[in-house]
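Below is protein-v7.cif, which holds mmCIF, C-alpha atoms.
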data_start
loop_
_atom_site.label_atom_id
_atom_site.label_comp_id
_atom_site.auth_asym_id
_atom_site.auth_seq_id
_atom_site.Cartn_x
_atom_site.Cartn_y
_atom_site.Cartn_z
CA ARG A 1 2.97 33.87 -6.97
CA LYS A 2 4.13 30.51 -8.26
CA GLU A 3 2.49 29.10 -11.37
CA VAL A 4 1.84 25.80 -9.65
CA GLU A 5 1.64 25.18 -5.92
CA GLN A 6 1.60 21.91 -4.08
CA ASP A 7 1.73 20.92 -0.45
CA PRO A 8 5.25 19.43 -0.10
CA GLY A 9 4.12 16.97 2.55
CA PRO A 10 5.38 14.55 3.59
CA PHE A 11 2.25 12.45 3.62
CA ASN A 12 2.85 9.30 5.66
CA VAL A 13 0.04 6.81 5.23
CA PRO A 14 -0.40 3.13 6.11
CA GLU A 15 -0.66 0.48 3.43
CA GLY A 16 -4.19 0.22 2.11
CA ALA A 17 -5.09 3.81 2.91
CA THR A 18 -6.58 6.30 0.51
CA VAL A 19 -4.64 9.51 0.05
CA ALA A 20 -5.38 12.65 -1.97
CA PHE A 21 -3.15 15.46 -3.18
CA ASN A 22 -4.27 18.80 -4.46
CA CYS A 23 -2.42 21.24 -6.65
CA THR A 24 -3.44 24.80 -7.54
CA TYR A 25 -2.44 26.72 -10.62
CA SER A 26 -2.47 30.45 -11.16
CA ASN A 27 -2.85 30.81 -14.92
CA SER A 28 -6.45 30.38 -16.00
CA ALA A 29 -5.19 29.92 -19.58
CA SER A 30 -3.51 26.63 -18.63
CA GLN A 31 -4.64 24.07 -21.15
CA SER A 32 -3.32 20.71 -20.10
CA PHE A 33 -2.51 19.08 -16.81
CA PHE A 34 -0.48 16.08 -15.76
CA TRP A 35 0.70 14.15 -12.75
CA TYR A 36 4.23 12.81 -12.81
CA ARG A 37 5.82 10.50 -10.30
CA GLN A 38 9.45 10.93 -9.30
CA ASP A 39 11.39 8.42 -7.24
CA CYS A 40 14.35 9.55 -5.20
CA ARG A 41 17.24 10.66 -7.45
CA LYS A 42 15.44 9.49 -10.57
CA GLU A 43 13.73 11.19 -13.46
CA PRO A 44 10.02 12.14 -13.40
CA LYS A 45 7.77 9.60 -15.07
CA LEU A 46 4.36 10.41 -16.48
CA LEU A 47 1.67 8.96 -14.23
CA MET A 48 -1.40 10.30 -15.96
CA SER A 49 -2.83 13.19 -17.90
CA VAL A 50 -5.74 15.00 -16.30
CA TYR A 51 -8.83 15.46 -18.42
CA SER A 52 -11.66 17.89 -17.87
CA SER A 53 -14.07 15.06 -17.23
CA GLY A 54 -11.70 13.40 -14.76
CA ASN A 55 -10.01 10.12 -15.41
CA GLU A 56 -9.14 6.93 -13.63
CA ASP A 57 -6.32 4.46 -14.10
CA GLY A 58 -6.57 1.53 -11.72
CA ARG A 59 -6.11 2.82 -8.20
CA PHE A 60 -5.39 6.37 -9.39
CA THR A 61 -8.01 9.03 -10.10
CA ALA A 62 -7.28 12.52 -11.35
CA GLN A 63 -9.72 15.41 -11.30
CA LEU A 64 -9.63 18.92 -12.72
CA ASN A 65 -11.60 21.85 -11.34
CA ARG A 66 -11.18 24.78 -13.70
CA ALA A 67 -13.44 27.10 -11.75
CA SER A 68 -11.26 26.82 -8.66
CA GLN A 69 -8.06 26.21 -10.64
CA TYR A 70 -6.93 23.04 -8.99
CA ILE A 71 -6.22 19.48 -9.91
CA SER A 72 -6.23 16.50 -7.62
CA LEU A 73 -4.81 13.00 -7.48
CA LEU A 74 -6.45 10.26 -5.44
CA ILE A 75 -4.63 7.03 -4.69
CA ARG A 76 -6.71 4.17 -3.32
CA ASP A 77 -5.42 1.08 -1.53
CA SER A 78 -1.92 2.52 -1.19
CA LYS A 79 0.99 0.16 -1.81
CA LEU A 80 4.53 0.44 -0.48
CA SER A 81 5.62 0.94 -4.09
CA ASP A 82 3.54 4.13 -4.30
CA SER A 83 6.10 5.88 -2.09
CA ALA A 84 7.50 8.66 -4.25
CA THR A 85 7.19 12.37 -4.94
CA TYR A 86 4.22 13.37 -7.07
CA LEU A 87 4.67 16.36 -9.37
CA CYS A 88 1.77 18.44 -10.61
CA VAL A 89 2.32 19.93 -14.06
CA CYS A 90 0.38 22.56 -15.99
CA LYS A 91 0.87 23.41 -19.64
CA THR A 92 0.22 26.84 -21.05
CA GLY A 93 0.98 27.33 -24.72
CA ALA A 94 3.04 25.04 -26.91
CA ASN A 95 6.08 24.63 -24.69
CA ASN A 96 5.34 26.23 -21.36
CA LEU A 97 5.22 23.47 -18.80
CA PHE A 98 5.17 24.52 -15.19
CA PHE A 99 6.12 22.00 -12.55
CA GLY A 100 5.15 22.04 -8.94
CA THR A 101 7.80 21.29 -6.35
CA GLY A 102 6.17 17.97 -5.62
CA THR A 103 4.34 16.23 -2.80
CA ARG A 104 6.22 13.48 -1.04
CA LEU A 105 4.30 10.33 -0.16
CA THR A 106 5.57 7.57 2.11
CA VAL A 107 3.45 4.44 2.47
CA ILE A 108 4.20 2.67 5.75
CA PRO A 109 3.88 -1.11 6.23
CA ASP B 110 14.65 -0.17 -26.90
CA GLY B 111 13.08 3.20 -27.58
CA GLY B 112 13.83 5.94 -25.14
CA ILE B 113 15.89 8.89 -24.05
CA THR B 114 19.44 8.47 -22.89
CA GLN B 115 21.60 10.92 -21.03
CA SER B 116 25.25 10.57 -20.27
CA PRO B 117 27.07 10.53 -18.05
CA LYS B 118 24.94 9.80 -14.98
CA TYR B 119 27.35 11.66 -12.71
CA LEU B 120 29.76 14.39 -13.73
CA PHE B 121 32.32 16.28 -11.69
CA ARG B 122 34.05 19.42 -12.90
CA LYS B 123 36.21 22.17 -11.56
CA GLU B 124 34.86 25.70 -11.48
CA GLY B 125 35.73 27.61 -14.64
CA GLN B 126 35.44 24.65 -16.99
CA ASN B 127 32.77 24.24 -19.61
CA VAL B 128 31.03 20.88 -19.66
CA THR B 129 28.69 19.28 -22.20
CA LEU B 130 25.84 16.98 -21.23
CA SER B 131 24.59 14.51 -23.78
CA CYS B 132 20.94 13.77 -24.59
CA GLU B 133 19.85 11.33 -27.30
CA GLN B 134 16.39 10.03 -28.18
CA ASN B 135 15.24 7.41 -30.64
CA LEU B 136 11.52 8.10 -30.21
CA ASN B 137 11.37 10.22 -33.37
CA HIS B 138 10.17 13.13 -31.26
CA ASP B 139 10.35 16.60 -32.78
CA ALA B 140 10.68 18.58 -29.56
CA MET B 141 13.40 18.31 -26.96
CA TYR B 142 13.93 20.14 -23.68
CA TRP B 143 16.49 20.72 -20.99
CA TYR B 144 15.53 21.31 -17.35
CA ARG B 145 17.43 21.62 -14.14
CA GLN B 146 16.15 20.49 -10.77
CA ASP B 147 17.39 21.85 -7.48
CA PRO B 148 16.36 20.60 -4.03
CA GLY B 149 13.01 22.03 -2.96
CA GLN B 150 12.33 23.56 -6.35
CA GLY B 151 10.30 22.51 -9.32
CA LEU B 152 11.92 21.75 -12.64
CA ARG B 153 12.99 24.87 -14.48
CA LEU B 154 13.28 25.09 -18.25
CA ILE B 155 16.71 25.98 -19.63
CA TYR B 156 16.29 25.57 -23.40
CA TYR B 157 13.95 23.84 -25.78
CA SER B 158 13.93 22.93 -29.44
CA GLN B 159 10.89 22.18 -31.54
CA ILE B 160 12.72 21.30 -34.75
CA VAL B 161 16.22 20.66 -35.99
CA ASN B 162 18.46 23.71 -36.23
CA ASP B 163 16.14 25.78 -34.08
CA PHE B 164 16.01 26.30 -30.32
CA GLN B 165 14.61 28.79 -27.84
CA LYS B 166 15.65 30.04 -24.45
CA GLY B 167 13.69 28.92 -21.46
CA ASP B 168 13.37 30.63 -18.11
CA ILE B 169 16.96 30.21 -16.98
CA ALA B 170 19.10 30.10 -20.14
CA GLU B 171 21.91 32.35 -18.89
CA GLY B 172 25.20 30.47 -18.71
CA TYR B 173 24.00 27.61 -20.92
CA SER B 174 24.14 26.86 -24.64
CA VAL B 175 22.62 24.15 -26.83
CA SER B 176 22.66 22.87 -30.39
CA ARG B 177 20.20 20.80 -32.40
CA GLU B 178 22.02 19.57 -35.47
CA LYS B 179 20.20 16.24 -35.51
CA LYS B 180 16.67 15.32 -34.55
CA GLU B 181 17.94 12.68 -32.17
CA SER B 182 20.42 14.81 -30.26
CA PHE B 183 20.21 17.92 -28.07
CA PRO B 184 23.43 18.46 -26.12
CA LEU B 185 23.62 21.08 -23.38
CA THR B 186 26.80 22.96 -22.55
CA VAL B 187 27.14 24.39 -19.07
CA THR B 188 29.57 27.27 -19.40
CA SER B 189 31.76 28.88 -16.81
CA ALA B 190 29.34 31.83 -16.85
CA GLN B 191 26.68 29.78 -15.06
CA LYS B 192 26.87 30.93 -11.45
CA ASN B 193 25.42 27.85 -9.74
CA PRO B 194 25.91 24.91 -12.09
CA THR B 195 25.65 22.12 -9.53
CA ALA B 196 22.24 20.54 -10.14
CA PHE B 197 20.35 17.58 -11.53
CA TYR B 198 19.92 18.08 -15.29
CA LEU B 199 17.02 16.43 -17.06
CA CYS B 200 16.43 16.13 -20.77
CA ALA B 201 12.95 15.47 -22.14
CA SER B 202 11.31 14.99 -25.50
CA SER B 203 7.80 15.06 -26.85
CA ALA B 204 5.97 14.27 -30.02
CA LYS B 205 3.28 16.56 -31.42
CA SER B 206 1.12 15.47 -28.52
CA TYR B 207 2.06 17.18 -25.33
CA GLU B 208 3.32 14.62 -22.87
CA GLN B 209 7.01 14.97 -22.18
CA TYR B 210 9.17 11.97 -21.46
CA PHE B 211 12.35 12.32 -19.49
CA GLY B 212 15.79 10.80 -19.68
CA PRO B 213 17.47 9.44 -16.52
CA GLY B 214 19.26 12.71 -15.83
CA THR B 215 22.83 13.81 -15.20
CA ARG B 216 24.00 14.96 -11.78
CA LEU B 217 26.58 17.67 -12.26
CA THR B 218 28.79 18.73 -9.38
CA VAL B 219 31.10 21.69 -9.83
CA THR B 220 33.68 22.41 -7.15
#
Would you write the structure of this file as structure tokens?
Amino acid sequence: RKEVEQDPGPFNVPEGATVAFNCTYSNSASQSFFWYRQDCRKEPKLLMSVYSSGNEDGRFTAQLNRASQYISLLIRDSKLSDSATYLCVCKTGANNLFFGTGTRLTVIP
Amino acid sequence: DGGITQSPKYLFRKEGQNVTLSCEQNLNHDAMYWYRQDPGQGLRLIYYSQIVNDFQKGDIAEGYSVSREKKESFPLTVTSAQKNPTAFYLCASSAKSYEQYFGPGTRLTVT
């Protein structure tokens, strides 16, 4: 079983829509969680950390559910510029980061 | 500008040749990492270093070597022993906090 699993998509949504991605992790000892955004043929860029209490940054909201071992990312009022692949990342221990394969989002005009 | 640089952006080599990928950071980060990314797969850790003159193998270290002689630099050598070297190679660094920040990557093609 993979450490981190994500639906690869693609998710094709119209501008202005709300879209949500989920990601499940297998190691209950995972301590920290992140969402990264990766544009085509570019490096991943940190979008947001995911805190136990949930956190929001503008149009983006991240949630953590430890009991069910999943994290989620909600994007409201989607923009064309949100089109990218979103990587779910879990950290276990000092240097063990596990990356999901990513969920591809395309926002359509 | 503070950040992580990798060079070159694209690299082409013949099979059987060793090649070294550069990674430099001026963020004063202690830890540095090398990953490879293949289509349809998540990033996989090759090597990491938490301090100068020390490094550890990641999940897929076979066929690779690294050095960490300076805090700012963590070069990766892809040796001829690496069976499938063609990939997108990403270097990252982090401070004592845990977010990792990535360089722009090097696309290596071996033919």
Glu181 of chain B environment, 7 Å, only C-alpha atoms, sequence neighbours closer than 2 positions dropped, as a PDB file with C-alpha atoms, in the frame of the given file:
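selection_14.pdb, freshly written:
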ATOM      1  CA  GLU B 133      19.850  11.330 -27.300  1.00  0.00           C
ATOM      2  CA  GLN B 134      16.390  10.030 -28.180  1.00  0.00           C
ATOM      3  CA  ASN B 135      15.240   7.410 -30.640  1.00  0.00           C
ATOM      4  CA  LYS B 179      20.200  16.240 -35.510  1.00  0.00           C
TER       5      LYS B 179
END
Decode the PyMOL selection byres ((chain B) within 7 of (chain A)) for the given file into explicit residues and return them as an mmCIF file with C-alpha atoms, in the frame of the given file.
data_model
loop_
_atom_site.group_PDB
_atom_site.id
_atom_site.type_symbol
_atom_site.label_atom_id
_atom_site.label_comp_id
_atom_site.auth_asym_id
_atom_site.auth_seq_id
_atom_site.Cartn_x
_atom_site.Cartn_y
_atom_site.Cartn_z
ATOM 1 C CA GLY B 149 13.010 22.030 -2.960
ATOM 2 C CA GLN B 150 12.330 23.560 -6.350
ATOM 3 C CA GLY B 151 10.300 22.510 -9.320
ATOM 4 C CA LEU B 152 11.920 21.750 -12.640
ATOM 5 C CA TYR B 210 9.170 11.970 -21.460
ATOM 6 C CA PHE B 211 12.350 12.320 -19.490
ATOM 7 C CA GLY B 212 15.790 10.800 -19.680
ATOM 8 C CA PRO B 213 17.470 9.440 -16.520
ATOM 9 C CA GLY B 214 19.260 12.710 -15.830
#
Completion exercise
atom CA of Cys23 of chain A sits from atom CA of Gln6 of chain A at a separation of 4.8 Å
Using only C-alpha atoms and a cutoff of 12 Å, can you tell me which residues are near (25.6, 19.2, -11.8) in the file's coordinates, and write them out as a compact mmCIF listing (two decimals) with C-alpha atoms, in the coordinates of the input?
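Listed below is the output, result.txt:
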# COMPACT_ATOMS: atom_id res chain seq x y z
CA PRO B 117 27.07 10.53 -18.05
CA LYS B 118 24.94 9.80 -14.98
CA TYR B 119 27.35 11.66 -12.71
CA LEU B 120 29.76 14.39 -13.73
CA PHE B 121 32.32 16.28 -11.69
CA ARG B 122 34.05 19.42 -12.90
CA LYS B 123 36.21 22.17 -11.56
CA GLU B 124 34.86 25.70 -11.48
CA ASN B 127 32.77 24.24 -19.61
CA VAL B 128 31.03 20.88 -19.66
CA THR B 129 28.69 19.28 -22.20
CA LEU B 130 25.84 16.98 -21.23
CA TYR B 144 15.53 21.31 -17.35
CA ARG B 145 17.43 21.62 -14.14
CA GLN B 146 16.15 20.49 -10.77
CA ASP B 147 17.39 21.85 -7.48
CA LEU B 185 23.62 21.08 -23.38
CA THR B 186 26.80 22.96 -22.55
CA VAL B 187 27.14 24.39 -19.07
CA THR B 188 29.57 27.27 -19.40
CA GLN B 191 26.68 29.78 -15.06
CA LYS B 192 26.87 30.93 -11.45
CA ASN B 193 25.42 27.85 -9.74
CA PRO B 194 25.91 24.91 -12.09
CA THR B 195 25.65 22.12 -9.53
CA ALA B 196 22.24 20.54 -10.14
CA PHE B 197 20.35 17.58 -11.53
CA TYR B 198 19.92 18.08 -15.29
CA LEU B 199 17.02 16.43 -17.06
CA GLY B 214 19.26 12.71 -15.83
CA THR B 215 22.83 13.81 -15.20
CA ARG B 216 24.00 14.96 -11.78
CA LEU B 217 26.58 17.67 -12.26
CA THR B 218 28.79 18.73 -9.38
CA VAL B 219 31.10 21.69 -9.83
CA THR B 220 33.68 22.41 -7.15
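Closest approach to Arg37 of chain A among A:Val107, A:Ala84, A:Val50, A:Val19 is made by A:Ala84 (distances from all atoms listed in the file).
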Problem - Å distance separating atom CA of Ala201 of chain B from atom CA of Thr103 of chain A, one decimal place - result: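 Atom-to-atom, atom CA of Ala201 of chain B and atom CA of Thr103 of chain A are spaced 21.2 Å apart.
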Practice task
Report as a ChimeraX atom specification the full result of the PyMOL selection byres ((chain A and resi 82) around 12) when it is applied to this structure.
Solution key: /A:11-19,37-39,47,59-60,74-81,83-86,104-109
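Computed from the coordinates, the atom CA of Gly112 of chain B to atom CA of Tyr173 of chain B distance equals 24.3 Å.
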Exercise for the section: Go through A:Gly9, A:Glu3, A:Arg66, A:Gly93 one by one, measure the shortest atom-to-atom distance of each to Phe21 of chain A using only C-alpha atoms, and give the residue with the smallest value. Expected result: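 The closest residue to Phe21 of chain A is A:Gly9.
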Explicit residues for the PyMOL selection byres ((chain A and resi 68) around 10) (as a PDB file with C-alpha atoms, in the frame of the given file):
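Result file follows (out_0.pdb):
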ATOM      1  CA  THR A  24      -3.440  24.800  -7.540  1.00  0.00           C
ATOM      2  CA  TYR A  25      -2.440  26.720 -10.620  1.00  0.00           C
ATOM      3  CA  SER A  26      -2.470  30.450 -11.160  1.00  0.00           C
ATOM      4  CA  SER A  28      -6.450  30.380 -16.000  1.00  0.00           C
ATOM      5  CA  LEU A  64      -9.630  18.920 -12.720  1.00  0.00           C
ATOM      6  CA  ASN A  65     -11.600  21.850 -11.340  1.00  0.00           C
ATOM      7  CA  ARG A  66     -11.180  24.780 -13.700  1.00  0.00           C
ATOM      8  CA  ALA A  67     -13.440  27.100 -11.750  1.00  0.00           C
ATOM      9  CA  GLN A  69      -8.060  26.210 -10.640  1.00  0.00           C
ATOM     10  CA  TYR A  70      -6.930  23.040  -8.990  1.00  0.00           C
ATOM     11  CA  ILE A  71      -6.220  19.480  -9.910  1.00  0.00           C
TER      12      ILE A  71
END
Problem - Shell around Ala170 of chain B at 8 Å using only C-alpha atoms, local window under 6 positions removed, as JSON, numbers by chain - result: {"B": [154, 155, 156]}
What's around Phe164 of chain B at 9 Å? Count all atoms listed in the file, leave out sequence neighbours fewer than 5 positions away in its own chain, and write the answer as an mmCIF file with C-alpha atoms, in the coordinates of the input.
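Everything below was put into out.cif:
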data_model
loop_
_atom_site.group_PDB
_atom_site.id
_atom_site.type_symbol
_atom_site.label_atom_id
_atom_site.label_comp_id
_atom_site.auth_asym_id
_atom_site.auth_seq_id
_atom_site.Cartn_x
_atom_site.Cartn_y
_atom_site.Cartn_z
ATOM 1 C CA TYR B 156 16.290 25.570 -23.400
ATOM 2 C CA TYR B 157 13.950 23.840 -25.780
ATOM 3 C CA SER B 158 13.930 22.930 -29.440
ATOM 4 C CA GLN B 159 10.890 22.180 -31.540
ATOM 5 C CA VAL B 175 22.620 24.150 -26.830
ATOM 6 C CA SER B 176 22.660 22.870 -30.390
ATOM 7 C CA ARG B 177 20.200 20.800 -32.400
#
